[in-house]
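Visitor: Submitted below is the structure of interest, expressed as structure tokens.
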Amino acid sequence: MTDVNWAEDIEAKTNPHIRAFVEEWAAVTMPDRVEVVSAADDARLVQESLADGTLHPAGRGRYYSRSHVTDTARSEERTVVATADPSDRGVYNNWRPAVDVKQEVTERMRGASRGKTMYVIPYLMSPPGTPLEAYAAGVELTDDRNVVLQMIRMARVGMTYLSNLTDPSMFVRGVHVTGDLDSLGQGTPADQRLFVTIADERMILHFGSAYGGNALLGKIAHGLRLASYDGRRSGKFLAEQYLLLGIVDLETGERRHICGGFPSASGKTNLAMTLPPEVLSDRYRVEFYGDDIAWLWVDASGQLRGTNPENGVFGVAKDTNSKTNPTAMAAIGEGSGAIFTNTAYNELTQEVWWEGLTPEPPVDSAGWLDWTGAPISARTEEHRDAPWAHPNSRFTISLDQVPNIAADVDAAEGVVIDAVIYGGRTRDREPLVRAVNDAVAGVYDGLTLGAEATFAAEGVDGQLRYDPMSMRPFMSYAEGDYAAHWLRMIHEVAEPPLFAHVNWFQRDADGGYLWPGYRENLRALLWLCDYREGRVSGLDTPVGVVPLDTELDLVGLEIEAERLDQLLDIDIVRWQEELAHRVEHLEQFARMPEAIWAAHGRMARALDRQLSVVDRAGDSDTV
Ligand code: SPV
Ligand code: MN
């Protein structure tokens, strides 16, 4: 280290633990310089990145960057959770003993920041003052300036956020070292990348990527993996990959908050940012809290409360347009500070484009470069149809750019959670919405969440790829213990939230979607609010309560009765098949609580009873 000016930084000096952490890891990674940053440095850092070409202008107050072509997504295979306790080994968490893996990743980091600046990013996940603030403090060391710019948008960044820690040594220690992306053997047996969360030491060591969750350590490594471990160890909270939104009835003033988990590619960001259908927009306002992470706790009066620990949105660009997500389109406008990554870029006009932004790509290809930086106009016949943007291209914006951001998004007390919803992508069986009355059955529902297998996530046709609570890639400890912690938390709640399952993706015989989706999805959530308040009673089925077709507010929506029936139908035989798969799924997990099996058994018996009723009536096998 040739420059130790950072230690002169008066704020860094006030916390000797931070200083010791920086010194320890600077000695390992050997950067040329160390710099402590805060959100106030954003404009200067942006200028530095524009000057060295790591950022390009994308219109007024918006920026564009490209990642290394081998480094475009979070890597689940290379992500490891390590602790000293072998009972933390789960089915999904790639558990390894902390001693081994810490040494391995440290060796890879040794000297790997030579010639670079190590940025010290003090940050807070969660608004200041929440009961979980002690778990929210972190310091990320990174050798990539773009990671700093992303973190400034996604978290609350600056030493001031860490200035009044109750225990000044209690912050998550994160080290991110990019490595030589040209020679890491990404995706080969010799893959050098290693993304480690040492959960019981509250340490995150990520080597070999500068992209997304691999590099922004506050987001999923701290906000989900580490926080869920902390949540159980303290017995105080849950950290889940959930959206969080509010619905305000402008006529009655009623205000409801819904959080929920959706596996990847099930429309979570679009739902989080949804607006009411046009015809209902005088009656309801939808408020945005967060699209990816919720931390949940039980307050002194026994209410379940939640907050979004993030300060921004790292959203998938593909298919984002004014129909699928008008809120996002408004949020990424000129002057928003948005950073686009791996979209297509026009170096003449400074525009960005991605598949689905408009039905067709720009007609005039002059100046357009695809996400790899190759000119579209120079494409050979063979590459003519290759996408212009990477499918995992992203926009990054801070929450204050979202037009319908909730006024109380920063409230230290969080918001009361009225409902927890789960939703996968399933072409049949799962109705548009079903309410689950019993909270334990709701936890069971979350644990058996899944989406249909796709080419992206291989699996058997018609069988779900299970993604418990949408936490499969972020589980930090054994799944049975995770279920038990959920049950403990839920039992502490005086009036548990309403659990429910939604599905916007049912298909008709021709493969078309039965439900129009997007803004219309709010109608299902409004029914849940009505059900919660006892204004509607629905139809009781073996798998939960579904709306009567007269109970959904369908004003302004043309939908035939037959189609609606299909959307709300429960196919008993298909459900029985599904329950058989669920047995295999749940049996994988050690220490799955008896209460979860009991909830499963109740559903299985209710289905059997229903089938025998149907058989006696000689009727169809659906209710
Ligand atoms: C996800 O993949 O679920 C994300 C994006 O939220 S990343 O932070 O890259 O993991
Ligand atoms: Mn996510």
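Following the order of the structure tokens, first chain is A, next is B, and so on, with residues numbered from 1 inside each chain and ligands from 1 in the order they appear.
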Distance table requested - chain A against ligand 1, cut-off 10 Å, only C-alpha atoms and all ligand atoms: one row per qualifying residue with the closest atom pair and its distance in Å to one decimal, ordered by chain and rising residue number, as JSON lines.
Guide:
```
{"residue": "A:Thr72", "atom": "CA", "partner": "ligand 1", "partner_atom_place_in_ligand_line": "9 (O)", "distance": 8.8}
{"residue": "A:Ala73", "atom": "CA", "partner": "ligand 1", "partner_atom_place_in_ligand_line": "9 (O)", "distance": 6.0}
{"residue": "A:Arg74", "atom": "CA", "partner": "ligand 1", "partner_atom_place_in_ligand_line": "9 (O)", "distance": 5.0}
{"residue": "A:Ser75", "atom": "CA", "partner": "ligand 1", "partner_atom_place_in_ligand_line": "10 (O)", "distance": 8.5}
{"residue": "A:Glu76", "atom": "CA", "partner": "ligand 1", "partner_atom_place_in_ligand_line": "10 (O)", "distance": 9.3}
{"residue": "A:Tyr211", "atom": "CA", "partner": "ligand 1", "partner_atom_place_in_ligand_line": "9 (O)", "distance": 6.8}
{"residue": "A:Gly212", "atom": "CA", "partner": "ligand 1", "partner_atom_place_in_ligand_line": "9 (O)", "distance": 3.8}
{"residue": "A:Gly213", "atom": "CA", "partner": "ligand 1", "partner_atom_place_in_ligand_line": "8 (O)", "distance": 3.4}
{"residue": "A:Asn214", "atom": "CA", "partner": "ligand 1", "partner_atom_place_in_ligand_line": "9 (O)", "distance": 6.4}
{"residue": "A:Ala215", "atom": "CA", "partner": "ligand 1", "partner_atom_place_in_ligand_line": "9 (O)", "distance": 8.3}
{"residue": "A:Leu216", "atom": "CA", "partner": "ligand 1", "partner_atom_place_in_ligand_line": "8 (O)", "distance": 7.1}
{"residue": "A:Leu217", "atom": "CA", "partner": "ligand 1", "partner_atom_place_in_ligand_line": "8 (O)", "distance": 8.7}
{"residue": "A:Gly218", "atom": "CA", "partner": "ligand 1", "partner_atom_place_in_ligand_line": "8 (O)", "distance": 9.2}
{"residue": "A:Lys219", "atom": "CA", "partner": "ligand 1", "partner_atom_place_in_ligand_line": "8 (O)", "distance": 6.0}
{"residue": "A:Ile220", "atom": "CA", "partner": "ligand 1", "partner_atom_place_in_ligand_line": "8 (O)", "distance": 5.8}
{"residue": "A:Ala221", "atom": "CA", "partner": "ligand 1", "partner_atom_place_in_ligand_line": "8 (O)", "distance": 8.6}
{"residue": "A:Leu224", "atom": "CA", "partner": "ligand 1", "partner_atom_place_in_ligand_line": "6 (O)", "distance": 10.0}
{"residue": "A:Gln241", "atom": "CA", "partner": "ligand 1", "partner_atom_place_in_ligand_line": "3 (O)", "distance": 7.5}
{"residue": "A:Tyr242", "atom": "CA", "partner": "ligand 1", "partner_atom_place_in_ligand_line": "3 (O)", "distance": 10.0}
{"residue": "A:Phe262", "atom": "CA", "partner": "ligand 1", "partner_atom_place_in_ligand_line": "3 (O)", "distance": 9.8}
{"residue": "A:Pro263", "atom": "CA", "partner": "ligand 1", "partner_atom_place_in_ligand_line": "3 (O)", "distance": 8.3}
{"residue": "A:Ser264", "atom": "CA", "partner": "ligand 1", "partner_atom_place_in_ligand_line": "3 (O)", "distance": 6.5}
{"residue": "A:Ala265", "atom": "CA", "partner": "ligand 1", "partner_atom_place_in_ligand_line": "3 (O)", "distance": 9.4}
{"residue": "A:Lys268", "atom": "CA", "partner": "ligand 1", "partner_atom_place_in_ligand_line": "3 (O)", "distance": 9.9}
{"residue": "A:Thr269", "atom": "CA", "partner": "ligand 1", "partner_atom_place_in_ligand_line": "6 (O)", "distance": 9.6}
{"residue": "A:Asp291", "atom": "CA", "partner": "ligand 1", "partner_atom_place_in_ligand_line": "6 (O)", "distance": 8.7}
{"residue": "A:Asp292", "atom": "CA", "partner": "ligand 1", "partner_atom_place_in_ligand_line": "6 (O)", "distance": 6.1}
{"residue": "A:Ile293", "atom": "CA", "partner": "ligand 1", "partner_atom_place_in_ligand_line": "6 (O)", "distance": 8.3}
{"residue": "A:Val313", "atom": "CA", "partner": "ligand 1", "partner_atom_place_in_ligand_line": "6 (O)", "distance": 8.9}
{"residue": "A:Phe314", "atom": "CA", "partner": "ligand 1", "partner_atom_place_in_ligand_line": "5 (C)", "distance": 6.7}
{"residue": "A:Gly315", "atom": "CA", "partner": "ligand 1", "partner_atom_place_in_ligand_line": "5 (C)", "distance": 7.5}
{"residue": "A:Val316", "atom": "CA", "partner": "ligand 1", "partner_atom_place_in_ligand_line": "5 (C)", "distance": 8.1}
{"residue": "A:Asn392", "atom": "CA", "partner": "ligand 1", "partner_atom_place_in_ligand_line": "9 (O)", "distance": 8.8}
{"residue": "A:Arg394", "atom": "CA", "partner": "ligand 1", "partner_atom_place_in_ligand_line": "5 (C)", "distance": 8.9}
{"residue": "A:Ser470", "atom": "CA", "partner": "ligand 1", "partner_atom_place_in_ligand_line": "3 (O)", "distance": 9.0}
{"residue": "A:Met471", "atom": "CA", "partner": "ligand 1", "partner_atom_place_in_ligand_line": "3 (O)", "distance": 9.1}
{"residue": "A:Pro473", "atom": "CA", "partner": "ligand 1", "partner_atom_place_in_ligand_line": "3 (O)", "distance": 8.2}
{"residue": "A:Phe474", "atom": "CA", "partner": "ligand 1", "partner_atom_place_in_ligand_line": "3 (O)", "distance": 8.8}
```
Visitor: Write a file of the just-selected residues containing C-alpha atoms, as a compact mmCIF listing (two decimals), in the first residue's frame.
Guide:
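Final file, selection_15.txt:
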```txt
# COMPACT_ATOMS: atom_id res chain seq x y z
CA THR A 72 -23.08 -11.50 -16.42
CA ALA A 73 -25.07 -13.17 -13.61
CA ARG A 74 -25.05 -14.44 -10.08
CA SER A 75 -23.40 -17.86 -9.87
CA GLU A 76 -25.21 -20.31 -7.61
CA TYR A 211 -21.56 -8.35 -11.33
CA GLY A 212 -24.74 -7.95 -9.31
CA GLY A 213 -25.15 -10.08 -6.22
CA ASN A 214 -21.67 -11.54 -6.73
CA ALA A 215 -20.15 -8.12 -6.06
CA LEU A 216 -22.69 -5.87 -4.31
CA LEU A 217 -22.29 -7.55 -0.97
CA GLY A 218 -25.01 -5.60 0.83
CA LYS A 219 -27.75 -7.05 -1.33
CA ILE A 220 -28.15 -10.80 -1.24
CA ALA A 221 -25.02 -11.89 0.62
CA LEU A 224 -30.50 -12.35 2.61
CA GLN A 241 -36.44 -12.56 -0.89
CA TYR A 242 -39.83 -10.78 -0.88
CA PHE A 262 -41.80 -15.33 -6.16
CA PRO A 263 -39.18 -17.54 -7.80
CA SER A 264 -37.07 -15.85 -10.51
CA ALA A 265 -38.94 -14.98 -13.69
CA LYS A 268 -41.90 -10.12 -8.77
CA THR A 269 -40.45 -6.74 -9.76
CA ASP A 291 -38.97 -5.40 -5.02
CA ASP A 292 -36.49 -7.95 -3.69
CA ILE A 293 -35.90 -8.20 0.05
CA VAL A 313 -33.78 -1.45 -7.28
CA PHE A 314 -31.49 -3.69 -9.34
CA GLY A 315 -34.10 -4.69 -11.89
CA VAL A 316 -34.00 -6.93 -14.94
CA ASN A 392 -29.82 -10.54 -17.38
CA ARG A 394 -30.18 -4.56 -15.51
CA SER A 470 -38.20 -18.09 -3.02
CA MET A 471 -35.08 -18.51 -0.87
CA PRO A 473 -30.35 -19.69 -3.70
CA PHE A 474 -30.09 -17.74 -0.45
```
Visitor: Give me every strand (DSSP E or B) residue in region 344-563 of chain A, going by DSSP on the backbone, as a VMD selection string.
Guide: chain A and resid 344 to 346 352 to 353 355 358 368 to 369 375 394 to 398 405 415 to 416 419 to 423 433 to 436 450 to 452 464 to 466 498 to 502 507 513 539 to 541 544 to 546
Visitor: Given the selection you just returned, output its residues as a file containing C-alpha atoms, formatted as a CSV table (one decimal), in the first residue's frame.
Guide:
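In the end it all went to out16.csv:
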```csv
chain,number,residue,atom,x,y,z
A,344,ALA,CA,-27.6,-2.5,-26.0
A,345,TYR,CA,-26.2,1.0,-26.3
A,346,ASN,CA,-26.1,3.6,-29.1
A,352,VAL,CA,-30.1,2.2,-24.5
A,353,TRP,CA,-32.4,-0.6,-25.7
A,355,GLU,CA,-35.5,-6.9,-25.9
A,358,THR,CA,-40.3,-1.9,-27.9
A,368,TRP,CA,-26.0,0.6,-32.0
A,369,LEU,CA,-23.7,-1.8,-30.1
A,375,PRO,CA,-21.7,-3.1,-33.6
A,394,ARG,CA,-30.2,-4.6,-15.5
A,395,PHE,CA,-31.1,-1.0,-14.5
A,396,THR,CA,-30.0,0.3,-11.1
A,397,ILE,CA,-31.8,3.2,-9.4
A,398,SER,CA,-32.3,4.4,-5.9
A,405,ILE,CA,-42.6,5.3,-3.4
A,415,VAL,CA,-45.2,-1.4,8.3
A,416,VAL,CA,-47.7,-3.9,9.6
A,419,ALA,CA,-50.7,-10.6,4.0
A,420,VAL,CA,-47.9,-12.8,2.8
A,421,ILE,CA,-48.3,-14.1,-0.7
A,422,TYR,CA,-46.4,-16.7,-2.8
A,423,GLY,CA,-46.6,-17.1,-6.5
A,433,VAL,CA,-55.6,-16.7,-6.0
A,434,ARG,CA,-56.3,-18.9,-3.0
A,435,ALA,CA,-56.2,-17.7,0.6
A,436,VAL,CA,-54.7,-20.0,3.2
A,450,GLY,CA,-42.1,-23.6,-7.0
A,451,ALA,CA,-42.1,-22.6,-10.6
A,452,GLU,CA,-42.4,-24.8,-13.7
A,464,LEU,CA,-42.2,-27.8,-10.2
A,465,ARG,CA,-38.7,-26.7,-9.5
A,466,TYR,CA,-39.2,-26.1,-5.8
A,498,LEU,CA,-53.2,-13.8,5.9
A,499,PHE,CA,-51.2,-16.2,3.7
A,500,ALA,CA,-52.2,-16.7,0.1
A,501,HIS,CA,-51.0,-18.1,-3.2
A,502,VAL,CA,-51.3,-16.3,-6.5
A,507,ARG,CA,-52.7,-21.2,-19.9
A,513,TYR,CA,-52.5,-16.9,-21.0
A,539,LEU,CA,-65.4,-20.8,-1.6
A,540,ASP,CA,-63.7,-23.2,0.8
A,541,THR,CA,-61.7,-25.9,-1.1
A,544,GLY,CA,-57.7,-23.0,0.5
A,545,VAL,CA,-60.3,-20.4,-0.2
A,546,VAL,CA,-60.9,-19.2,-3.7
```
Visitor: Which residue gives the smallest distance to ligand 2 among A:Ala294, A:Met592, A:Ala134, A:Ile417, with only C-alpha atoms and all ligand atoms counted?
Guide: A:Ala294
Visitor: As a short mmCIF file (atom, residue, chain, number, x, y, z; two decimals) with all heavy atoms, in the first residue's frame, please: every residue in region 441-511 of chain A that DSSP puts in helix (DSSP H, G or I).
Guide:
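The resulting file, states-v5.cif, is reproduced below:
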```cif
data_model
loop_
_atom_site.label_atom_id
_atom_site.label_comp_id
_atom_site.auth_asym_id
_atom_site.auth_seq_id
_atom_site.Cartn_x
_atom_site.Cartn_y
_atom_site.Cartn_z
N ALA A 441 -50.31 -23.63 7.77
CA ALA A 441 -50.54 -24.06 6.37
C ALA A 441 -49.92 -23.05 5.41
O ALA A 441 -49.46 -23.42 4.33
CB ALA A 441 -52.03 -24.22 6.12
N GLY A 442 -49.90 -21.79 5.81
CA GLY A 442 -49.26 -20.76 4.99
C GLY A 442 -47.76 -20.97 4.89
O GLY A 442 -47.17 -20.84 3.81
N VAL A 443 -47.14 -21.32 6.01
CA VAL A 443 -45.69 -21.60 5.99
C VAL A 443 -45.43 -22.83 5.12
O VAL A 443 -44.49 -22.85 4.31
CB VAL A 443 -45.15 -21.78 7.42
CG1 VAL A 443 -43.67 -22.18 7.39
CG2 VAL A 443 -45.34 -20.49 8.23
N TYR A 444 -46.28 -23.85 5.27
CA TYR A 444 -46.18 -25.05 4.41
C TYR A 444 -46.30 -24.66 2.94
O TYR A 444 -45.54 -25.14 2.09
CB TYR A 444 -47.28 -26.05 4.81
CG TYR A 444 -47.60 -27.10 3.78
CD1 TYR A 444 -46.74 -28.16 3.55
CD2 TYR A 444 -48.78 -27.02 3.03
CE1 TYR A 444 -47.03 -29.13 2.60
CE2 TYR A 444 -49.08 -27.98 2.08
CZ TYR A 444 -48.20 -29.04 1.86
OH TYR A 444 -48.49 -29.98 0.92
N ASP A 445 -47.22 -23.75 2.64
CA ASP A 445 -47.39 -23.31 1.26
C ASP A 445 -46.11 -22.65 0.74
O ASP A 445 -45.67 -22.92 -0.37
CB ASP A 445 -48.57 -22.34 1.15
CG ASP A 445 -48.92 -22.05 -0.30
OD1 ASP A 445 -49.40 -22.98 -0.97
OD2 ASP A 445 -48.69 -20.92 -0.76
N GLY A 446 -45.50 -21.80 1.59
CA GLY A 446 -44.26 -21.15 1.19
C GLY A 446 -43.13 -22.15 0.96
O GLY A 446 -42.34 -22.02 0.02
N LEU A 447 -43.09 -23.16 1.80
CA LEU A 447 -42.00 -24.16 1.69
C LEU A 447 -42.16 -25.04 0.45
O LEU A 447 -41.20 -25.67 0.01
CB LEU A 447 -41.98 -25.04 2.94
CG LEU A 447 -41.58 -24.34 4.24
CD1 LEU A 447 -41.82 -25.25 5.43
CD2 LEU A 447 -40.13 -23.88 4.20
N PRO A 468 -38.28 -23.00 -2.03
CA PRO A 468 -38.97 -22.69 -0.78
C PRO A 468 -38.89 -21.20 -0.41
O PRO A 468 -37.80 -20.64 -0.34
CB PRO A 468 -38.22 -23.54 0.26
CG PRO A 468 -37.63 -24.66 -0.53
CD PRO A 468 -37.31 -24.08 -1.88
N MET A 469 -40.03 -20.60 -0.24
CA MET A 469 -40.14 -19.19 0.16
C MET A 469 -39.40 -18.25 -0.83
O MET A 469 -39.09 -17.13 -0.49
CB MET A 469 -39.56 -18.98 1.57
CG MET A 469 -40.20 -19.83 2.64
SD MET A 469 -41.73 -19.06 3.19
CE MET A 469 -42.16 -20.11 4.59
N SER A 470 -39.06 -18.76 -2.03
CA SER A 470 -38.20 -18.09 -3.02
C SER A 470 -36.81 -17.80 -2.45
O SER A 470 -36.12 -16.88 -2.87
CB SER A 470 -38.84 -16.82 -3.61
OG SER A 470 -38.97 -15.78 -2.69
N ARG A 472 -34.40 -20.43 -2.19
CA ARG A 472 -33.50 -21.54 -2.54
C ARG A 472 -32.03 -21.11 -2.74
O ARG A 472 -31.13 -21.71 -2.16
CB ARG A 472 -34.05 -22.24 -3.79
CG ARG A 472 -33.22 -23.38 -4.29
CD ARG A 472 -33.96 -24.06 -5.44
NE ARG A 472 -33.13 -25.04 -6.10
CZ ARG A 472 -33.55 -26.22 -6.54
NH1 ARG A 472 -34.81 -26.55 -6.40
NH2 ARG A 472 -32.75 -27.04 -7.15
N PRO A 473 -31.76 -20.04 -3.52
CA PRO A 473 -30.35 -19.69 -3.70
C PRO A 473 -29.75 -18.93 -2.51
O PRO A 473 -28.57 -18.62 -2.53
CB PRO A 473 -30.36 -18.76 -4.93
CG PRO A 473 -31.77 -18.75 -5.44
CD PRO A 473 -32.65 -19.19 -4.33
N PHE A 474 -30.56 -18.63 -1.52
CA PHE A 474 -30.09 -17.74 -0.45
C PHE A 474 -30.17 -18.39 0.93
O PHE A 474 -29.92 -17.75 1.95
CB PHE A 474 -30.90 -16.43 -0.45
CG PHE A 474 -31.03 -15.85 -1.83
CD1 PHE A 474 -32.26 -15.83 -2.48
CD2 PHE A 474 -29.92 -15.38 -2.49
CE1 PHE A 474 -32.37 -15.33 -3.78
CE2 PHE A 474 -30.01 -14.88 -3.79
CZ PHE A 474 -31.24 -14.86 -4.43
N GLU A 479 -32.73 -26.44 5.97
CA GLU A 479 -34.10 -26.07 5.63
C GLU A 479 -35.10 -26.42 6.73
O GLU A 479 -36.07 -25.69 6.96
CB GLU A 479 -34.51 -26.73 4.31
CG GLU A 479 -33.75 -26.22 3.08
CD GLU A 479 -32.36 -26.83 2.93
OE1 GLU A 479 -31.99 -27.72 3.74
OE2 GLU A 479 -31.63 -26.41 2.01
N GLY A 480 -34.90 -27.56 7.41
CA GLY A 480 -35.82 -27.93 8.50
C GLY A 480 -35.76 -26.92 9.64
O GLY A 480 -36.79 -26.55 10.22
N ASP A 481 -34.55 -26.45 9.93
CA ASP A 481 -34.39 -25.44 10.98
C ASP A 481 -35.00 -24.11 10.55
O ASP A 481 -35.53 -23.35 11.36
CB ASP A 481 -32.90 -25.25 11.32
CG ASP A 481 -32.28 -26.54 11.87
OD1 ASP A 481 -33.02 -27.35 12.47
OD2 ASP A 481 -31.07 -26.73 11.67
N TYR A 482 -34.88 -23.86 9.25
CA TYR A 482 -35.48 -22.64 8.68
C TYR A 482 -37.00 -22.67 8.87
O TYR A 482 -37.62 -21.70 9.31
CB TYR A 482 -35.08 -22.56 7.21
CG TYR A 482 -35.75 -21.50 6.38
CD1 TYR A 482 -35.19 -20.23 6.28
CD2 TYR A 482 -36.92 -21.76 5.67
CE1 TYR A 482 -35.79 -19.24 5.50
CE2 TYR A 482 -37.52 -20.79 4.89
CZ TYR A 482 -36.95 -19.53 4.80
OH TYR A 482 -37.55 -18.57 4.03
N ALA A 483 -37.59 -23.82 8.57
CA ALA A 483 -39.05 -23.97 8.75
C ALA A 483 -39.42 -23.78 10.22
O ALA A 483 -40.41 -23.11 10.54
CB ALA A 483 -39.50 -25.34 8.26
N ALA A 484 -38.61 -24.35 11.11
CA ALA A 484 -38.90 -24.24 12.55
C ALA A 484 -38.82 -22.79 13.00
O ALA A 484 -39.63 -22.34 13.81
CB ALA A 484 -37.93 -25.10 13.34
N HIS A 485 -37.84 -22.06 12.48
CA HIS A 485 -37.72 -20.64 12.84
C HIS A 485 -38.93 -19.84 12.35
O HIS A 485 -39.48 -19.00 13.07
CB HIS A 485 -36.41 -20.07 12.28
CG HIS A 485 -36.22 -18.61 12.57
ND1 HIS A 485 -36.39 -18.07 13.83
CD2 HIS A 485 -35.87 -17.57 11.77
CE1 HIS A 485 -36.17 -16.77 13.79
NE2 HIS A 485 -35.86 -16.44 12.55
N TRP A 486 -39.39 -20.13 11.15
CA TRP A 486 -40.60 -19.49 10.62
C TRP A 486 -41.79 -19.75 11.57
O TRP A 486 -42.54 -18.84 11.90
CB TRP A 486 -40.93 -20.04 9.23
CG TRP A 486 -40.67 -19.06 8.13
CD1 TRP A 486 -39.57 -19.02 7.32
CD2 TRP A 486 -41.53 -17.99 7.70
NE1 TRP A 486 -39.69 -17.99 6.43
CE2 TRP A 486 -40.88 -17.34 6.64
CE3 TRP A 486 -42.78 -17.52 8.13
CZ2 TRP A 486 -41.44 -16.24 5.98
CZ3 TRP A 486 -43.33 -16.42 7.47
CH2 TRP A 486 -42.66 -15.80 6.41
N LEU A 487 -41.93 -21.01 11.97
CA LEU A 487 -43.08 -21.35 12.84
C LEU A 487 -42.97 -20.62 14.18
O LEU A 487 -43.97 -20.11 14.69
CB LEU A 487 -43.15 -22.87 13.05
CG LEU A 487 -43.46 -23.69 11.79
CD1 LEU A 487 -43.43 -25.19 12.12
CD2 LEU A 487 -44.82 -23.31 11.19
N ARG A 488 -41.77 -20.56 14.73
CA ARG A 488 -41.58 -19.83 15.99
C ARG A 488 -41.99 -18.38 15.84
O ARG A 488 -42.69 -17.82 16.69
CB ARG A 488 -40.11 -19.88 16.42
CG ARG A 488 -39.78 -20.97 17.44
CD ARG A 488 -38.43 -20.73 18.10
NE ARG A 488 -37.34 -20.47 17.15
CZ ARG A 488 -36.66 -21.44 16.52
NH1 ARG A 488 -36.92 -22.71 16.75
NH2 ARG A 488 -35.70 -21.13 15.67
N MET A 489 -41.55 -17.76 14.77
CA MET A 489 -41.88 -16.34 14.55
C MET A 489 -43.39 -16.16 14.41
O MET A 489 -43.98 -15.25 14.99
CB MET A 489 -41.18 -15.82 13.28
CG MET A 489 -39.68 -15.74 13.37
SD MET A 489 -39.07 -14.43 14.46
CE MET A 489 -39.68 -12.97 13.66
N ILE A 490 -44.00 -17.03 13.62
CA ILE A 490 -45.44 -16.90 13.36
C ILE A 490 -46.24 -17.09 14.65
O ILE A 490 -47.25 -16.43 14.88
CB ILE A 490 -45.85 -17.91 12.25
CG1 ILE A 490 -45.45 -17.35 10.89
CG2 ILE A 490 -47.32 -18.25 12.29
CD1 ILE A 490 -46.11 -16.02 10.54
N HIS A 491 -45.77 -17.99 15.51
CA HIS A 491 -46.50 -18.22 16.76
C HIS A 491 -46.40 -17.04 17.72
O HIS A 491 -47.23 -16.87 18.60
CB HIS A 491 -46.01 -19.51 17.44
CG HIS A 491 -46.52 -20.74 16.73
ND1 HIS A 491 -45.74 -21.83 16.45
CD2 HIS A 491 -47.74 -21.00 16.20
CE1 HIS A 491 -46.45 -22.73 15.78
NE2 HIS A 491 -47.67 -22.24 15.62
N GLU A 492 -45.39 -16.19 17.52
CA GLU A 492 -45.28 -14.98 18.35
C GLU A 492 -46.23 -13.88 17.91
O GLU A 492 -46.42 -12.90 18.63
CB GLU A 492 -43.86 -14.40 18.23
CG GLU A 492 -42.85 -15.04 19.14
CD GLU A 492 -41.47 -14.42 18.92
OE1 GLU A 492 -41.39 -13.22 18.63
OE2 GLU A 492 -40.50 -15.19 19.01
#
```
Visitor: Can you measure CA of Tyr531 (chain A) to CA of Glu577 (chain A) for me? One decimal in Å is fine.
Guide: 28.5 Å
Visitor: May I have the residues within 9 Å of Ala27 (chain A) as a list in words, using only C-alpha atoms and disregarding those fewer than 3 positions away in the same chain?
Guide: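 After dropping sequence-adjacent residues, the list is Met1, Val22, Glu23, Glu24, Met30, Pro31, Arg110 and Gly111 of chain A.
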Visitor: For Asn146 (chain A), find every residue with an atom within 12 Å (counting only C-alpha atoms), except residues of its own chain fewer than 3 positions away, and show them as an MDAnalysis selection string.
Guide: chainID A and resid 42 45:50 52:56 63:67 117 119 142:143 149:153 178 209:212 215:216 339:341 396
Visitor: Looking at A:Glu310, A:Asp438, A:Glu551, A:Asp370, which one is nearest to ligand 2, with distances taken over only C-alpha atoms and all ligand atoms?
Guide: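 Of A:Glu310, A:Asp438, A:Glu551, A:Asp370, the one nearest ligand 2, counting only C-alpha atoms and all ligand atoms, is A:Glu310.
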Visitor: Mind pulling up the distance from CA of Gln303 (chain A) to CA of Arg202 (chain A)?
Guide: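 Separating CA of Arg202 (chain A) from CA of Gln303 (chain A) is a distance of 28.1 Å.
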Visitor: Pick the closest to Val147 (chain A) from A:Ala26, A:His176, A:Pro127, A:Leu348: which is it, counting only C-alpha atoms?
Guide: A:His176
Visitor: Enter the distance from CA of Pro277 (chain A) to CA of Glu520 (chain A), in Å, rounded to one decimal.
Guide: 5.5 Å
Visitor: Report as a list in words all protein, DNA and RNA residues lying within 10 Å of Asp319 (chain A), evaluated on only C-alpha atoms, omitting residues in the same chain fewer than 5 positions from it.
Guide: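 Using only C-alpha atoms, the neighbours found are Thr324, Asn325, Trp354, Glu355, Gly356, Leu357, Thr358, Pro359 and Pro391 of chain A.
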Visitor: If you keep C-alpha atoms, can you produce a file of those selected residues as an mmCIF file, in the first residue's frame?
Guide:
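File produced: again12.cif:
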```
data_model
loop_
_atom_site.group_PDB
_atom_site.id
_atom_site.type_symbol
_atom_site.label_atom_id
_atom_site.label_comp_id
_atom_site.auth_asym_id
_atom_site.auth_seq_id
_atom_site.Cartn_x
_atom_site.Cartn_y
_atom_site.Cartn_z
ATOM 1 C CA THR A 324 -45.252 -4.496 -18.001
ATOM 2 C CA ASN A 325 -43.822 -1.904 -15.622
ATOM 3 C CA TRP A 354 -33.291 -4.112 -24.577
ATOM 4 C CA GLU A 355 -35.546 -6.875 -25.902
ATOM 5 C CA GLY A 356 -39.135 -6.032 -25.050
ATOM 6 C CA LEU A 357 -38.579 -2.282 -24.541
ATOM 7 C CA THR A 358 -40.272 -1.898 -27.927
ATOM 8 C CA PRO A 359 -41.734 -4.733 -30.014
ATOM 9 C CA PRO A 391 -31.134 -11.476 -20.844
#
```
Visitor: Kindly indicate which residue among A:Glu413, A:Glu584, A:Glu240, A:Asp565 lies nearest to ligand 2, using only C-alpha atoms and all ligand atoms for the distances.
Guide: A:Glu240
Visitor: Which one of A:Ser266, A:Thr274, A:Thr160, A:Thr307 sits closest to ligand 2 if you count only C-alpha atoms and all ligand atoms?
Guide: A:Ser266
Visitor: With a distance cut-off of 9 Å and only C-alpha atoms, select the neighbouring residues of Leu611 (chain A), excluding the residue or stretch itself and same-chain residues fewer than 3 positions from it, and output the selection as a ChimeraX atom specification.
Guide: /A:572-573,606-608,614-616,621-622
